[in-house]
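Structure below is query-v3.cif: mmCIF, C-alpha atoms and all ligand atoms.
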data_coords
#
loop_
_atom_site.group_PDB
_atom_site.id
_atom_site.type_symbol
_atom_site.label_atom_id
_atom_site.label_comp_id
_atom_site.auth_asym_id
_atom_site.auth_seq_id
_atom_site.Cartn_x
_atom_site.Cartn_y
_atom_site.Cartn_z
ATOM 1 C CA MET A 19 4.777 -24.754 -6.135
ATOM 2 C CA ASN A 20 5.392 -21.262 -7.485
ATOM 3 C CA ILE A 21 4.278 -18.797 -4.824
ATOM 4 C CA PRO A 22 3.496 -15.365 -6.313
ATOM 5 C CA SER A 23 6.210 -12.987 -5.118
ATOM 6 C CA PRO A 24 3.916 -10.548 -3.221
ATOM 7 C CA LEU A 25 3.337 -13.357 -0.716
ATOM 8 C CA ILE A 26 7.015 -14.074 -0.009
ATOM 9 C CA PRO A 27 8.043 -12.082 3.054
ATOM 10 C CA ALA A 28 11.083 -9.860 2.551
ATOM 11 C CA SER A 29 11.438 -8.335 6.012
ATOM 12 C CA SER A 30 11.456 -9.586 9.602
ATOM 13 C CA GLN A 31 8.006 -8.051 10.267
ATOM 14 C CA ALA A 32 6.529 -9.711 7.200
ATOM 15 C CA ARG A 33 8.093 -13.063 8.202
ATOM 16 C CA ASP A 34 6.586 -12.880 11.692
ATOM 17 C CA LEU A 35 3.168 -12.071 10.217
ATOM 18 C CA ASP A 36 3.535 -14.865 7.689
ATOM 19 C CA GLN A 37 4.370 -17.398 10.419
ATOM 20 C CA LEU A 38 1.325 -16.375 12.439
ATOM 21 C CA PHE A 39 -0.813 -16.624 9.315
ATOM 22 C CA GLN A 40 0.462 -20.140 8.624
ATOM 23 C CA VAL A 41 -0.193 -21.355 12.179
ATOM 24 C CA VAL A 42 -3.712 -19.895 12.152
ATOM 25 C CA LEU A 43 -4.317 -21.341 8.691
ATOM 26 C CA ILE A 44 -3.255 -24.841 9.813
ATOM 27 C CA ILE A 45 -5.466 -24.659 12.942
ATOM 28 C CA SER A 46 -8.411 -23.408 10.845
ATOM 29 C CA VAL A 47 -7.990 -26.114 8.220
ATOM 30 C CA ALA A 48 -7.782 -28.778 10.954
ATOM 31 C CA ILE A 49 -11.009 -27.480 12.550
ATOM 32 C CA PHE A 50 -12.721 -27.399 9.183
ATOM 33 C CA LEU A 51 -11.658 -30.982 8.400
ATOM 34 C CA VAL A 52 -12.827 -32.300 11.800
ATOM 35 C CA VAL A 53 -16.190 -30.501 11.645
ATOM 36 C CA ALA A 54 -16.887 -31.232 7.977
ATOM 37 C CA GLY A 55 -15.693 -34.827 8.430
ATOM 38 C CA LEU A 56 -17.991 -35.415 11.414
ATOM 39 C CA VAL A 57 -20.963 -33.880 9.598
ATOM 40 C CA ILE A 58 -20.409 -36.053 6.518
ATOM 41 C CA TYR A 59 -19.687 -39.194 8.551
ATOM 42 C CA ASN A 60 -22.769 -38.783 10.759
ATOM 43 C CA ALA A 61 -25.064 -37.853 7.908
ATOM 44 C CA PHE A 62 -24.043 -41.070 6.200
ATOM 45 C CA ARG A 63 -23.733 -43.367 9.234
ATOM 46 C CA TYR A 64 -27.037 -42.380 10.828
ATOM 47 C CA ARG A 65 -29.090 -41.717 7.703
ATOM 48 C CA GLN A 66 -32.713 -42.841 7.749
ATOM 49 C CA ARG A 67 -33.242 -46.281 6.266
ATOM 50 C CA PRO A 68 -36.614 -47.654 5.115
ATOM 51 C CA GLY A 69 -38.642 -48.858 8.089
ATOM 52 C CA ASP A 70 -36.544 -46.983 10.725
ATOM 53 C CA ALA A 71 -38.446 -45.788 13.760
ATOM 54 C CA LEU A 72 -37.725 -42.392 15.367
ATOM 55 C CA PRO A 73 -34.362 -42.831 17.213
ATOM 56 C CA LYS A 74 -33.974 -42.339 20.959
ATOM 57 C CA GLN A 75 -34.048 -38.603 21.798
ATOM 58 C CA ASP A 76 -31.250 -37.262 24.070
ATOM 59 C CA HIS A 77 -31.366 -33.952 25.925
ATOM 60 C CA GLY A 78 -28.237 -32.473 27.501
ATOM 61 C CA ASN A 79 -24.851 -34.116 27.889
ATOM 62 C CA HIS A 80 -22.614 -32.511 30.452
ATOM 63 C CA ARG A 81 -19.398 -34.159 29.357
ATOM 64 C CA LEU A 82 -19.895 -33.191 25.713
ATOM 65 C CA GLU A 83 -20.897 -29.646 26.568
ATOM 66 C CA ILE A 84 -17.863 -29.111 28.799
ATOM 67 C CA ALA A 85 -15.602 -30.554 26.086
ATOM 68 C CA TRP A 86 -16.948 -28.332 23.323
ATOM 69 C CA THR A 87 -16.589 -25.292 25.531
ATOM 70 C CA ILE A 88 -13.086 -25.997 26.785
ATOM 71 C CA VAL A 89 -11.474 -27.175 23.542
ATOM 72 C CA PRO A 90 -12.412 -24.028 21.534
ATOM 73 C CA LEU A 91 -11.418 -21.889 24.516
ATOM 74 C CA ILE A 92 -7.954 -23.447 24.504
ATOM 75 C CA ILE A 93 -7.628 -23.003 20.720
ATOM 76 C CA VAL A 94 -8.733 -19.355 20.843
ATOM 77 C CA THR A 95 -6.417 -18.647 23.797
ATOM 78 C CA VAL A 96 -3.436 -20.129 21.935
ATOM 79 C CA MET A 97 -4.237 -18.039 18.840
ATOM 80 C CA PHE A 98 -4.703 -14.938 21.003
ATOM 81 C CA LEU A 99 -1.337 -15.386 22.713
ATOM 82 C CA LEU A 100 0.415 -16.015 19.390
ATOM 83 C CA SER A 101 -1.216 -12.861 17.975
ATOM 84 C CA VAL A 102 -0.115 -10.739 20.946
ATOM 85 C CA ARG A 103 3.439 -12.083 20.568
ATOM 86 C CA THR A 104 3.436 -11.239 16.852
ATOM 87 C CA MET A 105 2.036 -7.755 17.512
ATOM 88 C CA HIS A 106 4.953 -7.069 19.838
ATOM 89 C CA LEU A 107 7.482 -8.417 17.346
ATOM 90 C CA VAL A 108 6.073 -6.552 14.350
ATOM 91 C CA ASP A 109 5.043 -3.351 16.020
ATOM 92 C CA PRO A 110 7.449 -2.476 18.851
ATOM 93 C CA LEU A 111 6.789 0.849 20.535
ATOM 94 C CA PRO A 112 8.799 3.542 18.749
ATOM 95 C CA LEU A 113 9.305 5.339 22.107
ATOM 96 C CA ASP A 114 10.763 8.753 21.273
ATOM 97 C CA ARG A 115 12.093 7.895 17.830
ATOM 98 C CA LYS A 116 11.170 10.419 15.174
ATOM 99 C CA PRO A 117 9.606 9.018 11.993
ATOM 100 C CA ASP A 118 11.942 8.468 9.034
ATOM 101 C CA ILE A 119 9.141 8.881 6.505
ATOM 102 C CA ASP A 120 5.855 10.756 6.659
ATOM 103 C CA ILE A 121 3.179 9.361 4.369
ATOM 104 C CA VAL A 122 -0.056 11.128 3.490
ATOM 105 C CA ALA A 123 -2.707 9.144 1.630
ATOM 106 C CA HIS A 124 -4.892 11.002 -0.854
ATOM 107 C CA GLN A 125 -7.702 10.018 -3.206
ATOM 108 C CA TRP A 126 -5.921 8.326 -5.033
ATOM 109 C CA TRP A 127 -2.195 8.583 -4.527
ATOM 110 C CA TRP A 128 0.486 8.567 -1.846
ATOM 111 C CA GLU A 129 2.609 11.487 -0.747
ATOM 112 C CA ALA A 130 5.900 10.785 1.045
ATOM 113 C CA HIS A 131 8.176 13.182 2.943
ATOM 114 C CA TYR A 132 11.560 12.455 4.461
ATOM 115 C CA PRO A 133 11.621 14.824 7.459
ATOM 116 C CA ALA A 134 15.376 14.468 8.097
ATOM 117 C CA THR A 135 16.237 16.003 4.710
ATOM 118 C CA GLY A 136 13.014 17.510 3.390
ATOM 119 C CA ALA A 137 12.910 15.230 0.325
ATOM 120 C CA VAL A 138 9.430 14.743 -1.135
ATOM 121 C CA THR A 139 8.096 12.155 -3.537
ATOM 122 C CA ALA A 140 4.859 10.470 -4.599
ATOM 123 C CA ASN A 141 3.776 6.878 -5.111
ATOM 124 C CA GLU A 142 7.358 5.565 -5.194
ATOM 125 C CA ILE A 143 8.844 5.372 -1.745
ATOM 126 C CA HIS A 144 12.575 4.744 -1.515
ATOM 127 C CA ILE A 145 14.154 3.086 1.511
ATOM 128 C CA PRO A 146 17.660 1.849 2.286
ATOM 129 C CA ALA A 147 17.727 -1.977 2.215
ATOM 130 C CA GLY A 148 18.512 -3.783 5.459
ATOM 131 C CA LYS A 149 17.430 -0.902 7.707
ATOM 132 C CA LYS A 150 14.332 -0.689 9.846
ATOM 133 C CA LEU A 151 12.536 2.599 9.260
ATOM 134 C CA LEU A 152 9.663 4.081 11.176
ATOM 135 C CA PHE A 153 6.948 5.665 9.073
ATOM 136 C CA ARG A 154 4.069 7.810 10.155
ATOM 137 C CA ILE A 155 0.883 7.846 8.133
ATOM 138 C CA THR A 156 -2.252 9.938 7.907
ATOM 139 C CA SER A 157 -4.846 10.806 5.275
ATOM 140 C CA ALA A 158 -5.849 14.039 3.598
ATOM 141 C CA ASP A 159 -9.427 12.923 2.898
ATOM 142 C CA VAL A 160 -10.963 9.523 3.655
ATOM 143 C CA VAL A 161 -9.668 6.353 5.311
ATOM 144 C CA HIS A 162 -7.056 4.516 3.226
ATOM 145 C CA ASP A 163 -4.804 1.629 4.150
ATOM 146 C CA PHE A 164 -1.124 1.280 3.312
ATOM 147 C CA TRP A 165 -0.152 -2.283 2.503
ATOM 148 C CA VAL A 166 3.077 -3.614 1.033
ATOM 149 C CA PRO A 167 2.659 -7.279 2.003
ATOM 150 C CA GLN A 168 6.325 -8.266 1.649
ATOM 151 C CA LEU A 169 7.675 -5.493 3.848
ATOM 152 C CA ALA A 170 5.323 -4.376 6.579
ATOM 153 C CA GLN A 171 2.044 -4.755 8.359
ATOM 154 C CA LYS A 172 -1.116 -3.204 6.942
ATOM 155 C CA ILE A 173 -1.837 0.131 8.499
ATOM 156 C CA ASP A 174 -4.797 2.496 8.174
ATOM 157 C CA ALA A 175 -4.369 6.081 7.040
ATOM 158 C CA VAL A 176 -7.006 7.996 8.998
ATOM 159 C CA PRO A 177 -7.750 11.715 8.531
ATOM 160 C CA GLY A 178 -6.777 13.706 11.625
ATOM 161 C CA GLN A 179 -4.825 10.840 13.149
ATOM 162 C CA MET A 180 -1.182 9.740 12.975
ATOM 163 C CA ASN A 181 -0.439 6.021 12.901
ATOM 164 C CA VAL A 182 3.078 4.630 12.963
ATOM 165 C CA ALA A 183 4.559 1.376 11.694
ATOM 166 C CA TRP A 184 7.910 -0.148 10.828
ATOM 167 C CA ILE A 185 9.039 -0.943 7.325
ATOM 168 C CA SER A 186 12.186 -2.642 6.058
ATOM 169 C CA ALA A 187 13.461 -4.823 3.234
ATOM 170 C CA ASP A 188 16.152 -7.489 3.600
ATOM 171 C CA ARG A 189 17.351 -7.068 0.034
ATOM 172 C CA PRO A 190 17.302 -4.299 -2.572
ATOM 173 C CA GLY A 191 14.380 -4.562 -4.961
ATOM 174 C CA VAL A 192 11.021 -3.111 -5.927
ATOM 175 C CA TYR A 193 8.126 -4.163 -3.719
ATOM 176 C CA LEU A 194 4.566 -3.539 -4.815
ATOM 177 C CA GLY A 195 1.738 -2.492 -2.577
ATOM 178 C CA ALA A 196 -1.726 -1.013 -2.791
ATOM 179 C CA CYS A 197 -4.402 0.736 -0.822
ATOM 180 C CA ALA A 198 -6.234 -1.928 1.163
ATOM 181 C CA GLU A 199 -9.275 0.009 2.351
ATOM 182 C CA TYR A 200 -12.031 0.871 -0.087
ATOM 183 C CA CYS A 201 -11.745 4.622 -0.584
ATOM 184 C CA GLY A 202 -13.798 5.492 -3.664
ATOM 185 C CA ALA A 203 -13.947 4.958 -7.399
ATOM 186 C CA GLU A 204 -10.205 4.641 -8.030
ATOM 187 C CA HIS A 205 -9.337 2.590 -4.947
ATOM 188 C CA ALA A 206 -7.948 -0.119 -7.221
ATOM 189 C CA TRP A 207 -5.583 2.428 -8.790
ATOM 190 C CA MET A 208 -3.917 3.535 -5.622
ATOM 191 C CA ARG A 209 -0.753 1.519 -6.047
ATOM 192 C CA VAL A 210 2.499 2.118 -4.274
ATOM 193 C CA ARG A 211 6.029 0.963 -5.127
ATOM 194 C CA VAL A 212 8.658 0.687 -2.441
ATOM 195 C CA VAL A 213 12.151 0.836 -3.905
ATOM 196 C CA ALA A 214 14.731 -0.642 -1.523
ATOM 197 C CA GLN A 215 18.278 0.365 -2.431
ATOM 198 C CA PRO A 216 21.763 -0.118 -1.010
ATOM 199 C CA GLN A 217 22.442 2.685 1.480
ATOM 200 C CA ALA A 218 24.749 4.698 -0.811
ATOM 201 C CA GLU A 219 22.316 4.508 -3.710
ATOM 202 C CA PHE A 220 19.477 5.579 -1.414
ATOM 203 C CA GLU A 221 21.518 8.583 -0.254
ATOM 204 C CA ARG A 222 22.180 9.537 -3.867
ATOM 205 C CA TRP A 223 18.469 9.278 -4.658
ATOM 206 C CA GLN A 224 17.608 11.435 -1.667
ATOM 207 C CA GLN A 225 20.186 14.077 -2.580
ATOM 208 C CA HIS A 226 18.859 14.080 -6.114
ATOM 209 C CA GLN A 227 15.307 14.673 -4.856
ATOM 210 C CA LEU A 228 16.547 17.751 -2.996
ATOM 211 C CA ARG A 229 18.128 19.317 -6.055
ATOM 212 C CA LEU A 230 16.230 22.081 -7.822
ATOM 213 C CA PRO A 231 15.406 21.306 -11.439
ATOM 214 C CA ALA A 232 17.574 22.995 -14.036
ATOM 215 C CA ALA A 233 16.043 25.828 -16.093
ATOM 216 C CA PRO A 234 14.375 24.625 -19.322
ATOM 217 C CA THR A 235 17.106 23.878 -21.856
ATOM 218 C CA SER A 236 15.239 24.415 -25.131
ATOM 219 C CA GLU A 237 12.931 27.015 -26.601
ATOM 220 C CA GLN A 238 10.127 24.479 -26.607
ATOM 221 C CA ALA A 239 10.644 23.423 -22.979
ATOM 222 C CA SER A 240 10.751 27.055 -22.017
ATOM 223 C CA ARG A 241 7.362 27.649 -23.701
ATOM 224 C CA GLY A 242 6.141 24.539 -21.834
ATOM 225 C CA PHE A 243 7.319 26.057 -18.552
ATOM 226 C CA HIS A 244 5.045 29.046 -19.213
ATOM 227 C CA VAL A 245 2.123 26.803 -20.112
ATOM 228 C CA PHE A 246 2.575 25.017 -16.786
ATOM 229 C CA MET A 247 2.872 28.212 -14.766
ATOM 230 C CA ASN A 248 0.045 30.071 -16.501
ATOM 231 C CA ARG A 249 -2.461 27.269 -16.662
ATOM 232 C CA PRO A 250 -4.113 25.718 -13.589
ATOM 233 C CA CYS A 251 -1.335 23.068 -13.342
ATOM 234 C CA SER A 252 0.638 25.226 -10.927
ATOM 235 C CA ASN A 253 -2.330 25.690 -8.587
ATOM 236 C CA CYS A 254 -2.275 22.015 -7.655
ATOM 237 C CA HIS A 255 1.288 20.826 -8.267
ATOM 238 C CA ARG A 256 4.608 21.882 -6.883
ATOM 239 C CA ILE A 257 7.857 22.151 -8.820
ATOM 240 C CA ALA A 258 10.610 23.241 -6.451
ATOM 241 C CA GLY A 259 12.329 26.507 -7.354
ATOM 242 C CA THR A 260 9.433 27.739 -9.515
ATOM 243 C CA PRO A 261 6.242 29.695 -8.788
ATOM 244 C CA ALA A 262 4.323 26.394 -8.865
ATOM 245 C CA GLN A 263 3.779 25.587 -5.194
ATOM 246 C CA GLY A 264 0.428 23.750 -5.226
ATOM 247 C CA ARG A 265 -0.053 21.033 -2.634
ATOM 248 C CA ILE A 266 -3.220 19.373 -3.934
ATOM 249 C CA GLY A 267 -1.561 16.962 -6.336
ATOM 250 C CA PRO A 268 1.767 15.125 -6.368
ATOM 251 C CA ASP A 269 5.026 17.099 -6.270
ATOM 252 C CA LEU A 270 6.399 17.051 -9.827
ATOM 253 C CA THR A 271 9.901 18.371 -9.148
ATOM 254 C CA HIS A 272 11.441 15.019 -10.089
ATOM 255 C CA LEU A 273 8.580 13.549 -12.096
ATOM 256 C CA GLY A 274 11.012 11.949 -14.537
ATOM 257 C CA SER A 275 12.625 9.844 -11.815
ATOM 258 C CA ARG A 276 9.388 7.877 -11.271
ATOM 259 C CA LYS A 277 8.390 4.742 -13.122
ATOM 260 C CA THR A 278 4.633 5.254 -13.267
ATOM 261 C CA LEU A 279 2.025 7.992 -13.588
ATOM 262 C CA ALA A 280 -1.190 8.424 -11.625
ATOM 263 C CA ALA A 281 -0.249 5.935 -8.852
ATOM 264 C CA GLY A 282 0.456 3.048 -11.184
ATOM 265 C CA VAL A 283 -2.138 3.588 -13.929
ATOM 266 C CA LEU A 284 0.386 4.252 -16.724
ATOM 267 C CA ALA A 285 4.087 3.675 -17.310
ATOM 268 C CA ASN A 286 5.917 6.994 -17.163
ATOM 269 C CA ASN A 287 6.955 7.880 -20.722
ATOM 270 C CA PRO A 288 6.339 10.981 -22.871
ATOM 271 C CA GLY A 289 3.484 9.383 -24.853
ATOM 272 C CA ASN A 290 1.601 8.313 -21.758
ATOM 273 C CA LEU A 291 2.330 11.628 -20.084
ATOM 274 C CA ALA A 292 0.718 13.476 -23.010
ATOM 275 C CA ALA A 293 -2.283 11.143 -22.912
ATOM 276 C CA TRP A 294 -2.636 11.512 -19.142
ATOM 277 C CA VAL A 295 -2.348 15.308 -19.183
ATOM 278 C CA THR A 296 -4.943 15.589 -21.968
ATOM 279 C CA VAL A 297 -7.679 13.219 -20.760
ATOM 280 C CA PRO A 298 -6.887 12.102 -17.198
ATOM 281 C CA GLN A 299 -10.581 11.444 -16.617
ATOM 282 C CA GLN A 300 -10.423 8.702 -19.205
ATOM 283 C CA TYR A 301 -7.611 6.940 -17.337
ATOM 284 C CA LYS A 302 -8.658 7.708 -13.796
ATOM 285 C CA PRO A 303 -12.323 8.786 -13.682
ATOM 286 C CA GLY A 304 -13.158 10.826 -10.613
ATOM 287 C CA SER A 305 -9.585 11.892 -9.861
ATOM 288 C CA ASN A 306 -8.962 15.555 -9.050
ATOM 289 C CA MET A 307 -7.007 16.052 -12.269
ATOM 290 C CA PRO A 308 -9.327 17.754 -14.798
ATOM 291 C CA ASN A 309 -9.266 17.338 -18.597
ATOM 292 C CA PHE A 310 -7.466 20.429 -19.882
ATOM 293 C CA GLN A 311 -7.956 20.208 -23.653
ATOM 294 C CA PHE A 312 -4.568 21.710 -24.451
ATOM 295 C CA ASP A 313 -4.109 22.570 -28.102
ATOM 296 C CA PRO A 314 -1.536 20.328 -29.822
ATOM 297 C CA GLN A 315 1.261 22.908 -29.717
ATOM 298 C CA GLN A 316 0.754 23.699 -26.025
ATOM 299 C CA LEU A 317 0.707 19.991 -25.279
ATOM 300 C CA LYS A 318 3.991 19.387 -27.101
ATOM 301 C CA ASP A 319 5.634 22.300 -25.287
ATOM 302 C CA LEU A 320 4.316 21.169 -21.926
ATOM 303 C CA ILE A 321 5.571 17.608 -22.394
ATOM 304 C CA ALA A 322 8.971 18.944 -23.521
ATOM 305 C CA TYR A 323 9.166 20.823 -20.230
ATOM 306 C CA LEU A 324 7.891 17.999 -18.024
ATOM 307 C CA LYS A 325 10.320 15.556 -19.672
ATOM 308 C CA GLU A 326 13.189 17.634 -18.352
ATOM 309 C CA LEU A 327 12.054 17.253 -14.726
ATOM 310 C CA LYS A 328 14.326 14.294 -14.039
HETATM 311 CU CU1 LIG A 401 -7.126 4.533 -0.883
HETATM 312 CU CU2 LIG A 401 -8.393 2.560 -1.160
#
Let me see the file written as structure tokens.
Amino acid sequence: MNIPSPLIPASSQARDLDQLFQVVLIISVAIFLVVAGLVIYNAFRYRQRPGDALPKQDHGNHRLEIAWTIVPLIIVTVMFLLSVRTMHLVDPLPLDRKPDIDIVAHQWWWEAHYPATGAVTANEIHIPAGKKLLFRITSADVVHDFWVPQLAQKIDAVPGQMNVAWISADRPGVYLGACAEYCGAEHAWMRVRVVAQPQAEFERWQQHQLRLPAAPTSEQASRGFHVFMNRPCSNCHRIAGTPAQGRIGPDLTHLGSRKTLAAGVLANNPGNLAAWVTVPQQYKPGSNMPNFQFDPQQLKDLIAYLKELK
């Protein structure tokens, strides 16, 4: 059988959760088969036949009642103990460890900070493969839920509260996740990609994120820079080393290093970027990004500038 990859655990936490899920699934299927089987068997075996009189009526049966109280109690206790064991395996107390990543959920995207270095990114979270990282998560607006099934437990992002969880990946690769708590119109388009890389590659990525973008290299990109700074773009977005220091939308300092736009709605390429910047409400209705109606020249300049933000 070909199991879809999001269901194949790729970290120790995900394996522990998967094992618990399988045990509970087997117990549940067994209960279903016994109950459904008895119902079908009895409905058939004791069905009314022509000429049958009313059968003997029984009231109360101590042995049966004790059995159907004790057996479920044992089953529930076993599942409870297995769940507690898994909780301890998956979610050990971080004690005084500082978080490696700070995640803030927004309607409808993810913001990620790396407190040790100050690196910032959005919607594409990089981690070193083979290392267990602690992340801390909160929300800027409503309740969201961070879920990358292959790598970590589900965890709620709650405004005004910090939750912590562990994340890791056995092997390098891209692991897809999504918001798992209904949070408004674009809940379905709140995707997240976790990019697990060999340690050295991860360090390079992190160093790259810290670098300030180079000044625009062409006349056109330079005009685009002014469009960005003089239009409302800069009120909401940040580009390090420029006057744009907005914190409402994703940090765009290294926009070009990401694979998707708008938390997974579009592949990140110049054509899609132009389409997204012009009519975001068509691609992600209800998002905070307004339609700007740039004139064609402004749009070309702006894209030339944004393209250079690698
Ligand atoms: Cu955020 Cu659903």
Could you list, with a cut-off of 12 Å and counting only C-alpha atoms and all ligand atoms, the residues of chain A near ligand LIG 401 (chain A), each shown with its nearest atom pair and the distance in Å rounded to one decimal, rows sorted by chain and ascending number, as CSV?
residue,atom,partner,partner_atom,distance
A:Val122,CA,A:LIG401,CU1,10.6
A:Ala123,CA,A:LIG401,CU1,6.9
A:His124,CA,A:LIG401,CU1,6.8
A:Gln125,CA,A:LIG401,CU1,6.0
A:Trp126,CA,A:LIG401,CU1,5.7
A:Trp127,CA,A:LIG401,CU1,7.3
A:Trp128,CA,A:LIG401,CU1,8.7
A:Glu129,CA,A:LIG401,CU1,12.0
A:Asn141,CA,A:LIG401,CU1,11.9
A:Thr156,CA,A:LIG401,CU1,11.4
A:Ser157,CA,A:LIG401,CU1,9.1
A:Ala158,CA,A:LIG401,CU1,10.6
A:Asp159,CA,A:LIG401,CU1,9.5
A:Val160,CA,A:LIG401,CU1,7.8
A:Val161,CA,A:LIG401,CU1,6.9
A:His162,CA,A:LIG401,CU1,4.1
A:Asp163,CA,A:LIG401,CU1,6.3
A:Phe164,CA,A:LIG401,CU1,8.0
A:Trp165,CA,A:LIG401,CU2,10.2
A:Ile173,CA,A:LIG401,CU1,11.6
A:Asp174,CA,A:LIG401,CU1,9.6
A:Ala175,CA,A:LIG401,CU1,8.5
A:Val176,CA,A:LIG401,CU1,10.5
A:Pro177,CA,A:LIG401,CU1,11.9
A:Gly195,CA,A:LIG401,CU2,11.4
A:Ala196,CA,A:LIG401,CU2,7.7
A:Cys197,CA,A:LIG401,CU2,4.4
A:Ala198,CA,A:LIG401,CU2,5.5
A:Glu199,CA,A:LIG401,CU2,4.4
A:Tyr200,CA,A:LIG401,CU2,4.2
A:Cys201,CA,A:LIG401,CU2,4.0
A:Gly202,CA,A:LIG401,CU2,6.6
A:Ala203,CA,A:LIG401,CU2,8.7
A:Glu204,CA,A:LIG401,CU2,7.4
A:His205,CA,A:LIG401,CU2,3.9
A:Ala206,CA,A:LIG401,CU2,6.6
A:Trp207,CA,A:LIG401,CU2,8.1
A:Met208,CA,A:LIG401,CU1,5.8
A:Arg209,CA,A:LIG401,CU1,8.7
A:Val210,CA,A:LIG401,CU1,10.5
A:Ala281,CA,A:LIG401,CU1,10.6
A:Ser305,CA,A:LIG401,CU1,11.9
Pairwise distance for CA of Val108 in chain A and CA of Pro190 in chain A, rounded to one decimal in Å: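 Distance between the two atoms: 20.4 Å.
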For the file shown, what are the residues hit by the PyMOL selection byres (((chain A and resi 150) around 12) and not hetatm), laid out as an mmCIF file with C-alpha atoms, in the frame of the given file?
data_model
loop_
_atom_site.group_PDB
_atom_site.id
_atom_site.type_symbol
_atom_site.label_atom_id
_atom_site.label_comp_id
_atom_site.auth_asym_id
_atom_site.auth_seq_id
_atom_site.Cartn_x
_atom_site.Cartn_y
_atom_site.Cartn_z
ATOM 1 C CA SER A 29 11.438 -8.335 6.012
ATOM 2 C CA SER A 30 11.456 -9.586 9.602
ATOM 3 C CA GLN A 31 8.006 -8.051 10.267
ATOM 4 C CA VAL A 108 6.073 -6.552 14.350
ATOM 5 C CA ASP A 109 5.043 -3.351 16.020
ATOM 6 C CA PRO A 110 7.449 -2.476 18.851
ATOM 7 C CA PRO A 112 8.799 3.542 18.749
ATOM 8 C CA ARG A 115 12.093 7.895 17.830
ATOM 9 C CA PRO A 117 9.606 9.018 11.993
ATOM 10 C CA ASP A 118 11.942 8.468 9.034
ATOM 11 C CA ILE A 119 9.141 8.881 6.505
ATOM 12 C CA ILE A 145 14.154 3.086 1.511
ATOM 13 C CA PRO A 146 17.660 1.849 2.286
ATOM 14 C CA ALA A 147 17.727 -1.977 2.215
ATOM 15 C CA GLY A 148 18.512 -3.783 5.459
ATOM 16 C CA LYS A 149 17.430 -0.902 7.707
ATOM 17 C CA LEU A 151 12.536 2.599 9.260
ATOM 18 C CA LEU A 152 9.663 4.081 11.176
ATOM 19 C CA PHE A 153 6.948 5.665 9.073
ATOM 20 C CA LEU A 169 7.675 -5.493 3.848
ATOM 21 C CA ALA A 170 5.323 -4.376 6.579
ATOM 22 C CA ALA A 183 4.559 1.376 11.694
ATOM 23 C CA TRP A 184 7.910 -0.148 10.828
ATOM 24 C CA ILE A 185 9.039 -0.943 7.325
ATOM 25 C CA SER A 186 12.186 -2.642 6.058
ATOM 26 C CA ALA A 187 13.461 -4.823 3.234
ATOM 27 C CA ASP A 188 16.152 -7.489 3.600
ATOM 28 C CA ALA A 214 14.731 -0.642 -1.523
#
Nearest-residue call for Ala322 in chain A, choices A:Asn253, A:Thr104, A:Asn290, A:Ser240, using only C-alpha atoms: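 Distance minimum relative to Ala322 in chain A lands on A:Ser240.
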Residue contacts of Leu270 in chain A (8 Å, all atoms listed in the file) excluding same-chain residues fewer than 3 positions away, as a list in words: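 Non-adjacent residues within range: His255, Arg256, Ile257, Leu273 and Leu327 of chain A.
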Distance criterion (only C-alpha atoms): nearest to Glu221 in chain A out of A:Met247, A:Ile321, A:Cys254, A:Ala134: A:Ala134
Point-to-point distance in Å for CA of Leu284 in chain A and CA of Tyr301 in chain A: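 Distance reported for this atom pair: 8.5 Å.
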Top pick for closest residue to Lys328 in chain A, considering A:Pro216, A:Gly242, A:Pro234, A:Pro73 and counting all atoms listed in the file: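 Of A:Pro216, A:Gly242, A:Pro234, A:Pro73, the one nearest Lys328 in chain A is A:Pro234, counting all atoms listed in the file.
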How would range 163-169 of chain A read, as a compact mmCIF listing (two decimals), in the frame of the given file, once N, CA, C and O atoms are built in?
# COMPACT_ATOMS: atom_id res chain seq x y z
N ASP A 163 -5.62 2.59 3.41
CA ASP A 163 -4.80 1.63 4.15
C ASP A 163 -3.55 1.28 3.34
O ASP A 163 -3.64 0.85 2.20
N PHE A 164 -2.42 1.51 3.97
CA PHE A 164 -1.12 1.28 3.31
C PHE A 164 -0.72 -0.18 3.49
O PHE A 164 -0.61 -0.66 4.61
N TRP A 165 -0.51 -0.86 2.38
CA TRP A 165 -0.15 -2.28 2.50
C TRP A 165 0.84 -2.70 1.44
O TRP A 165 0.53 -2.72 0.26
N VAL A 166 2.06 -3.00 1.89
CA VAL A 166 3.08 -3.61 1.03
C VAL A 166 3.37 -4.96 1.69
O VAL A 166 4.17 -5.05 2.62
N PRO A 167 2.67 -6.02 1.24
CA PRO A 167 2.66 -7.28 2.00
C PRO A 167 4.04 -7.85 2.30
O PRO A 167 4.23 -8.47 3.34
N GLN A 168 5.01 -7.66 1.43
CA GLN A 168 6.32 -8.27 1.65
C GLN A 168 7.14 -7.54 2.71
O GLN A 168 8.12 -8.10 3.20
N LEU A 169 6.78 -6.30 3.02
CA LEU A 169 7.68 -5.49 3.85
C LEU A 169 7.14 -5.08 5.21
O LEU A 169 7.92 -4.80 6.11
